[in-house]
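**Student:** Pasting final-v7.txt below, which is compact mmCIF, C-alpha atoms.
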```txt
# COMPACT_ATOMS: atom_id res chain seq x y z
CA MET A 1 105.95 20.76 175.69
CA SER A 2 103.36 18.65 177.47
CA ARG A 3 102.25 15.18 176.45
CA LEU A 4 98.94 16.60 175.29
CA ASP A 5 100.63 19.15 173.01
CA ASN A 6 102.91 16.43 171.63
CA THR A 7 99.92 14.17 170.91
CA ILE A 8 98.02 17.01 169.23
CA ASP A 9 101.04 17.75 166.99
CA LYS A 10 101.34 14.07 166.01
CA VAL A 11 97.63 13.85 165.18
CA ALA A 12 97.78 17.09 163.15
CA THR A 13 100.80 15.76 161.23
CA GLY A 14 98.97 12.50 160.53
CA VAL A 15 95.85 14.31 159.37
CA ASN A 16 97.94 16.49 157.05
CA ARG A 17 99.69 13.42 155.60
CA VAL A 18 96.32 11.77 154.93
CA LYS A 19 95.01 14.97 153.33
CA VAL A 20 98.08 15.28 151.06
CA GLY A 21 97.83 11.61 150.13
CA CYS A 22 94.13 11.81 149.29
CA ILE A 23 94.62 14.89 147.14
CA ALA A 24 97.51 13.22 145.31
CA VAL A 25 95.52 10.04 144.66
CA LEU A 26 92.42 11.90 143.42
CA ALA A 27 94.45 14.22 141.19
CA ASN A 28 96.37 11.28 139.73
CA LEU A 29 93.10 9.49 138.98
CA PHE A 30 91.90 12.63 137.20
CA PHE A 31 95.10 12.81 135.13
CA ALA A 32 94.92 9.07 134.39
CA ALA A 33 91.34 9.40 133.14
CA PHE A 34 92.35 12.09 130.66
CA CYS A 35 95.38 10.03 129.57
CA LEU A 36 93.10 7.06 128.92
CA TRP A 37 90.71 9.27 126.96
CA GLY A 38 93.63 10.47 124.85
CA ALA A 39 94.91 6.90 124.40
CA TYR A 40 91.46 5.77 123.28
CA ALA A 41 91.24 8.66 120.79
CA GLY A 42 94.70 7.73 119.48
CA TYR A 43 93.69 4.08 119.21
CA VAL A 44 90.57 4.95 117.17
CA SER A 45 92.68 7.13 114.86
CA TRP A 46 95.29 4.39 114.47
CA LYS A 47 92.60 1.75 113.84
CA LEU A 48 91.08 3.93 111.12
CA GLN A 49 94.53 4.66 109.68
CA THR A 50 95.37 0.97 109.36
CA GLY A 51 92.00 -0.50 108.35
CA GLY A 52 89.69 2.32 107.40
CA GLU A 53 88.23 3.28 104.07
CA THR A 54 87.89 6.79 102.75
CA ALA A 55 84.91 8.64 101.39
CA GLU A 56 84.07 12.19 100.48
CA GLY A 57 81.88 14.01 102.96
CA ILE A 58 80.03 17.30 102.87
CA VAL A 59 79.83 19.75 105.75
CA ILE A 60 76.09 20.09 106.37
CA ARG A 61 76.26 22.52 109.30
CA LEU A 62 78.50 24.09 111.90
CA ASP A 63 77.46 23.45 115.49
CA GLU A 64 78.14 26.43 117.71
CA GLN A 65 79.70 25.71 121.08
CA SER A 66 80.27 28.14 123.91
CA ASP A 67 82.82 27.88 126.67
CA GLY A 68 81.79 27.17 130.25
CA GLU A 69 81.92 30.86 131.14
CA GLY A 70 79.28 31.93 128.65
CA GLY A 71 81.80 33.14 126.09
CA CYS A 72 81.06 32.51 122.47
CA CYS A 73 81.88 30.66 120.18
CA THR A 74 83.74 27.84 118.55
CA TYR A 75 82.40 25.82 115.66
CA VAL A 76 82.39 22.06 115.13
CA PRO A 77 81.66 20.75 111.64
CA VAL A 78 78.94 18.16 111.11
CA VAL A 79 79.71 16.05 108.05
CA GLU A 80 77.60 13.62 106.06
CA PHE A 81 79.16 10.87 103.97
CA GLU A 82 77.97 7.75 102.19
CA ALA A 83 79.21 4.22 102.92
CA SER A 84 77.70 0.91 101.79
CA GLY A 85 74.75 2.73 100.25
CA ARG A 86 73.77 4.50 103.49
CA VAL A 87 74.30 8.10 104.60
CA TYR A 88 76.09 8.66 107.90
CA SER A 89 76.64 11.83 109.87
CA ILE A 90 79.62 12.58 112.12
CA GLU A 91 80.72 15.52 114.19
CA GLY A 92 84.28 16.78 113.91
CA ASP A 93 86.63 16.22 116.84
CA THR A 94 88.04 19.74 116.97
CA ALA A 95 86.26 23.06 117.47
CA PHE A 96 87.58 26.16 115.71
CA ASP A 97 87.16 29.91 115.91
CA PRO A 98 86.89 31.13 113.24
CA PRO A 99 85.30 28.06 111.66
CA ALA A 100 87.80 25.87 109.79
CA TYR A 101 85.10 24.65 107.40
CA ARG A 102 82.22 26.14 105.43
CA VAL A 103 78.78 24.62 105.01
CA GLY A 104 78.78 22.77 101.68
CA GLU A 105 82.55 22.21 101.73
CA ARG A 106 83.73 18.77 100.67
CA VAL A 107 86.05 17.05 103.14
CA PRO A 108 87.76 13.65 103.19
CA VAL A 109 86.36 11.17 105.72
CA ILE A 110 87.92 7.94 106.96
CA TYR A 111 85.61 5.31 108.44
CA ASP A 112 85.58 1.75 109.75
CA PRO A 113 84.00 -0.42 107.01
CA SER A 114 82.52 -2.79 109.61
CA ASP A 115 81.05 0.16 111.58
CA PRO A 116 80.77 3.31 109.43
CA GLN A 117 79.54 5.32 112.43
CA THR A 118 83.14 5.14 113.65
CA ALA A 119 84.52 7.83 111.40
CA GLN A 120 86.60 10.99 111.45
CA ILE A 121 87.37 13.84 109.14
CA ASN A 122 90.58 12.64 107.50
CA LYS A 123 92.70 15.62 108.48
CA TRP A 124 95.69 15.56 110.86
CA THR A 125 94.27 18.11 113.31
CA GLU A 126 90.95 16.26 113.51
CA ARG A 127 92.53 12.85 114.07
CA TRP A 128 95.75 13.32 116.02
CA LEU A 129 95.81 16.74 117.71
CA PHE A 130 93.84 15.75 120.82
CA PRO A 131 95.83 12.60 121.72
CA ILE A 132 99.16 14.27 120.97
CA LEU A 133 98.34 17.22 123.23
CA ILE A 134 96.41 15.59 126.08
CA ILE A 135 98.61 12.60 126.90
CA PRO A 136 101.94 14.46 127.39
CA SER A 137 100.28 17.38 129.17
CA MET A 138 98.54 15.07 131.66
CA LEU A 139 101.76 13.09 132.24
CA ILE A 140 103.72 16.30 132.88
CA ALA A 141 100.98 17.62 135.20
CA ALA A 142 101.00 14.32 137.14
CA LEU A 143 104.80 14.42 137.41
CA VAL A 144 104.77 17.98 138.75
CA LEU A 145 101.94 17.19 141.16
CA ASN A 146 103.74 14.12 142.50
CA ILE A 147 106.99 16.01 142.98
CA VAL A 148 105.21 18.80 144.86
CA MET A 149 103.15 16.38 146.98
CA GLY A 150 106.20 14.22 147.70
CA ARG A 151 108.20 17.22 148.88
CA THR A 152 105.24 18.33 151.00
CA LEU A 153 105.11 14.92 152.67
CA ILE A 154 108.88 14.71 153.21
CA ARG A 155 109.07 18.20 154.70
CA GLY A 156 105.88 17.79 156.70
CA ASP A 157 104.48 21.05 155.34
CA ASP A 158 100.80 21.92 155.44
CA LEU A 159 98.93 22.36 152.17
```
Taking this structure as input, can you express it in the form of structure tokens?
**Tutor:**
Amino acid sequence: MSRLDNTIDKVATGVNRVKVGCIAVLANLFFAAFCLWGAYAGYVSWKLQTGGETAEGIVIRLDEQSDGEGGCCTYVPVVEFEASGRVYSIEGDTAFDPPAYRVGERVPVIYDPSDPQTAQINKWTERWLFPILIIPSMLIAALVLNIVMGRTLIRGDDL
């Protein structure tokens, strides 16, 4: 093998290592962002659990949502409730198909008394399902990614 071939192999190996490293960093940032979103959602639920007040809300409509591929449909409830003499409107945190609520249905709402716009339907799936699912799944995905990327770097394999 000539010096030129040896140099080309070293450069190619270095480029591959940089590529693997960049992909790992960007993917980990993506997973971290979703973990932080889940942590924030959990924090809001916990804050409402510990210091919120409850009210009765009424489902005023079901907003239809489609998936990114044009498929149809899941339904998110929009709920109105009264706090401190004012009427507030919130959107549910979870979409369902078939709809989990009916227009006109009464639902419990928990809200922050200092900021009633911070409110959730007071149901376990509306308040805790997202953080409980997203945080562990992103941590597991990051662990698997890092194991695969680490092995790729150690072995010197191409992606």
**Student:** Counting all atoms listed in the file, what is within 12 Å of Thr152 in chain A, bar same-chain residues fewer than 6 positions away, as a list of chain:residue names?
**Tutor:**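 What passes the distance filter is A:Thr13, A:Asn16, A:Arg17, A:Val18, A:Lys19, A:Val20, A:Gly21, A:Ile23, A:Ala24, A:Leu145, A:Asn146, A:Asp158, A:Leu159.
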**Student:** So the first atom is CA of Gly92 in chain A and the second is CA of Ile140 in chain A; what is the distance between them in Å, to one decimal place?
**Tutor:**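 Answer for the CA of Gly92 in chain A to CA of Ile140 in chain A separation: 27.2 Å.
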**Student:** Please list, as a list in words, the residues that have an atom at most 12 Å away from (93.1, 3.2, 114.4) in the coordinates of this file, counting all atoms listed in the file.
**Tutor:**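 Checked against the point, the hits come out as Ala39, Tyr40, Ala41, Gly42, Tyr43, Val44, Ser45, Trp46, Lys47, Leu48, Gln49, Thr50, Gly51, Gly52, Glu53, Ile110, Tyr111, Asp112, Thr118, Ala119, Gln120, Asn122, Arg127 and Trp128 of chain A.
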**Student:** Mind giving me the straight-line distance from CA of Trp124 in chain A to CA of Cys35 in chain A in Å, one decimal?
**Tutor:**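 Rounded to one decimal, the two atoms are 19.5 Å apart.
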**Student:** May I ask for the distance between CA of Ser137 in chain A and CA of Pro99 in chain A, given in Å to one decimal place?
**Tutor:**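 Between these atoms lies a distance of 25.4 Å.
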**Student:** Write out as an MDAnalysis selection string the residues lying within 12 Å of range 78-84 of chain A, counting all atoms listed in the file and excluding same-chain residues fewer than 4 positions away.
**Tutor:** chainID A and resid 52:64 88:95 99:122
**Student:** Counting all atoms listed in the file, what is within 12 Å of Pro136 in chain A, bar same-chain residues fewer than 6 positions away, as JSON, numbers by chain?
**Tutor:** {"A": [31, 32, 34, 35, 36, 38, 39, 129, 130, 142, 143]}
**Student:** Counting only C-alpha atoms, write as a ChimeraX atom specification all protein and nucleic acid residues lying at most 10 Å from (80.1, 22.1, 123.4) in the file's frame.
**Tutor:** /A:63-68,73-76,95
**Student:** Restricting the calculation to only C-alpha atoms: of A:Leu153, A:Val87, A:Cys72, A:Ala27, which residue gets closest to Met138 in chain A?
**Tutor:**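 Going through A:Leu153, A:Val87, A:Cys72, A:Ala27 one by one, the smallest distance to Met138 in chain A is for A:Ala27.
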**Student:** Provide range 118-148 of chain A rebuilt to N, CA and C atoms, formatted as a compact mmCIF listing (two decimals), keeping the file's coordinate frame.
**Tutor:**
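Contents of the output file out27.txt:
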```txt
# COMPACT_ATOMS: atom_id res chain seq x y z
N THR A 118 81.82 4.81 113.12
CA THR A 118 83.14 5.14 113.65
C THR A 118 83.91 5.78 112.51
N ALA A 119 83.93 7.09 112.51
CA ALA A 119 84.52 7.83 111.40
C ALA A 119 85.08 9.16 111.90
N GLN A 120 86.01 9.69 111.13
CA GLN A 120 86.60 10.99 111.45
C GLN A 120 86.87 11.73 110.15
N ILE A 121 86.91 13.05 110.27
CA ILE A 121 87.37 13.84 109.14
C ILE A 121 88.85 13.48 108.97
N ASN A 122 89.23 13.14 107.75
CA ASN A 122 90.58 12.64 107.50
C ASN A 122 91.56 13.81 107.32
N LYS A 123 91.79 14.48 108.43
CA LYS A 123 92.70 15.62 108.48
C LYS A 123 93.51 15.48 109.77
N TRP A 124 94.80 15.79 109.73
CA TRP A 124 95.69 15.56 110.86
C TRP A 124 95.16 16.19 112.15
N THR A 125 94.73 17.44 112.09
CA THR A 125 94.27 18.11 113.31
C THR A 125 93.02 17.46 113.88
N GLU A 126 92.17 16.91 113.04
CA GLU A 126 90.95 16.26 113.51
C GLU A 126 91.25 14.90 114.13
N ARG A 127 92.28 14.23 113.65
CA ARG A 127 92.53 12.85 114.07
C ARG A 127 93.59 12.73 115.15
N TRP A 128 94.61 13.55 115.13
CA TRP A 128 95.75 13.32 116.02
C TRP A 128 96.03 14.43 117.01
N LEU A 129 95.48 15.61 116.83
CA LEU A 129 95.81 16.74 117.71
C LEU A 129 95.45 16.47 119.16
N PHE A 130 94.26 15.98 119.43
CA PHE A 130 93.84 15.75 120.82
C PHE A 130 94.75 14.74 121.53
N PRO A 131 94.97 13.53 120.98
CA PRO A 131 95.83 12.60 121.72
C PRO A 131 97.26 13.11 121.89
N ILE A 132 97.78 13.80 120.88
CA ILE A 132 99.16 14.27 120.97
C ILE A 132 99.30 15.38 122.02
N LEU A 133 98.28 16.16 122.22
CA LEU A 133 98.34 17.22 123.23
C LEU A 133 97.99 16.73 124.63
N ILE A 134 96.93 15.93 124.75
CA ILE A 134 96.41 15.59 126.08
C ILE A 134 97.30 14.62 126.84
N ILE A 135 97.83 13.61 126.17
CA ILE A 135 98.61 12.60 126.90
C ILE A 135 99.87 13.20 127.51
N PRO A 136 100.75 13.89 126.75
CA PRO A 136 101.94 14.46 127.39
C PRO A 136 101.61 15.52 128.44
N SER A 137 100.59 16.34 128.19
CA SER A 137 100.28 17.38 129.17
C SER A 137 99.79 16.78 130.48
N MET A 138 99.01 15.72 130.43
CA MET A 138 98.54 15.07 131.66
C MET A 138 99.69 14.35 132.38
N LEU A 139 100.61 13.75 131.62
CA LEU A 139 101.76 13.09 132.24
C LEU A 139 102.67 14.11 132.93
N ILE A 140 102.89 15.24 132.28
CA ILE A 140 103.72 16.30 132.88
C ILE A 140 103.02 16.87 134.13
N ALA A 141 101.72 17.10 134.04
CA ALA A 141 100.98 17.62 135.20
C ALA A 141 101.04 16.63 136.37
N ALA A 142 100.91 15.34 136.07
CA ALA A 142 101.00 14.32 137.14
C ALA A 142 102.39 14.29 137.74
N LEU A 143 103.42 14.41 136.91
CA LEU A 143 104.80 14.42 137.41
C LEU A 143 105.03 15.61 138.34
N VAL A 144 104.60 16.78 137.92
CA VAL A 144 104.77 17.98 138.75
C VAL A 144 103.98 17.84 140.05
N LEU A 145 102.75 17.38 139.95
CA LEU A 145 101.94 17.19 141.16
C LEU A 145 102.62 16.22 142.13
N ASN A 146 103.12 15.11 141.62
CA ASN A 146 103.74 14.12 142.50
C ASN A 146 105.03 14.62 143.12
N ILE A 147 105.79 15.41 142.40
CA ILE A 147 106.99 16.01 142.98
C ILE A 147 106.61 16.97 144.11
N VAL A 148 105.64 17.83 143.84
CA VAL A 148 105.21 18.80 144.86
C VAL A 148 104.62 18.08 146.08
```
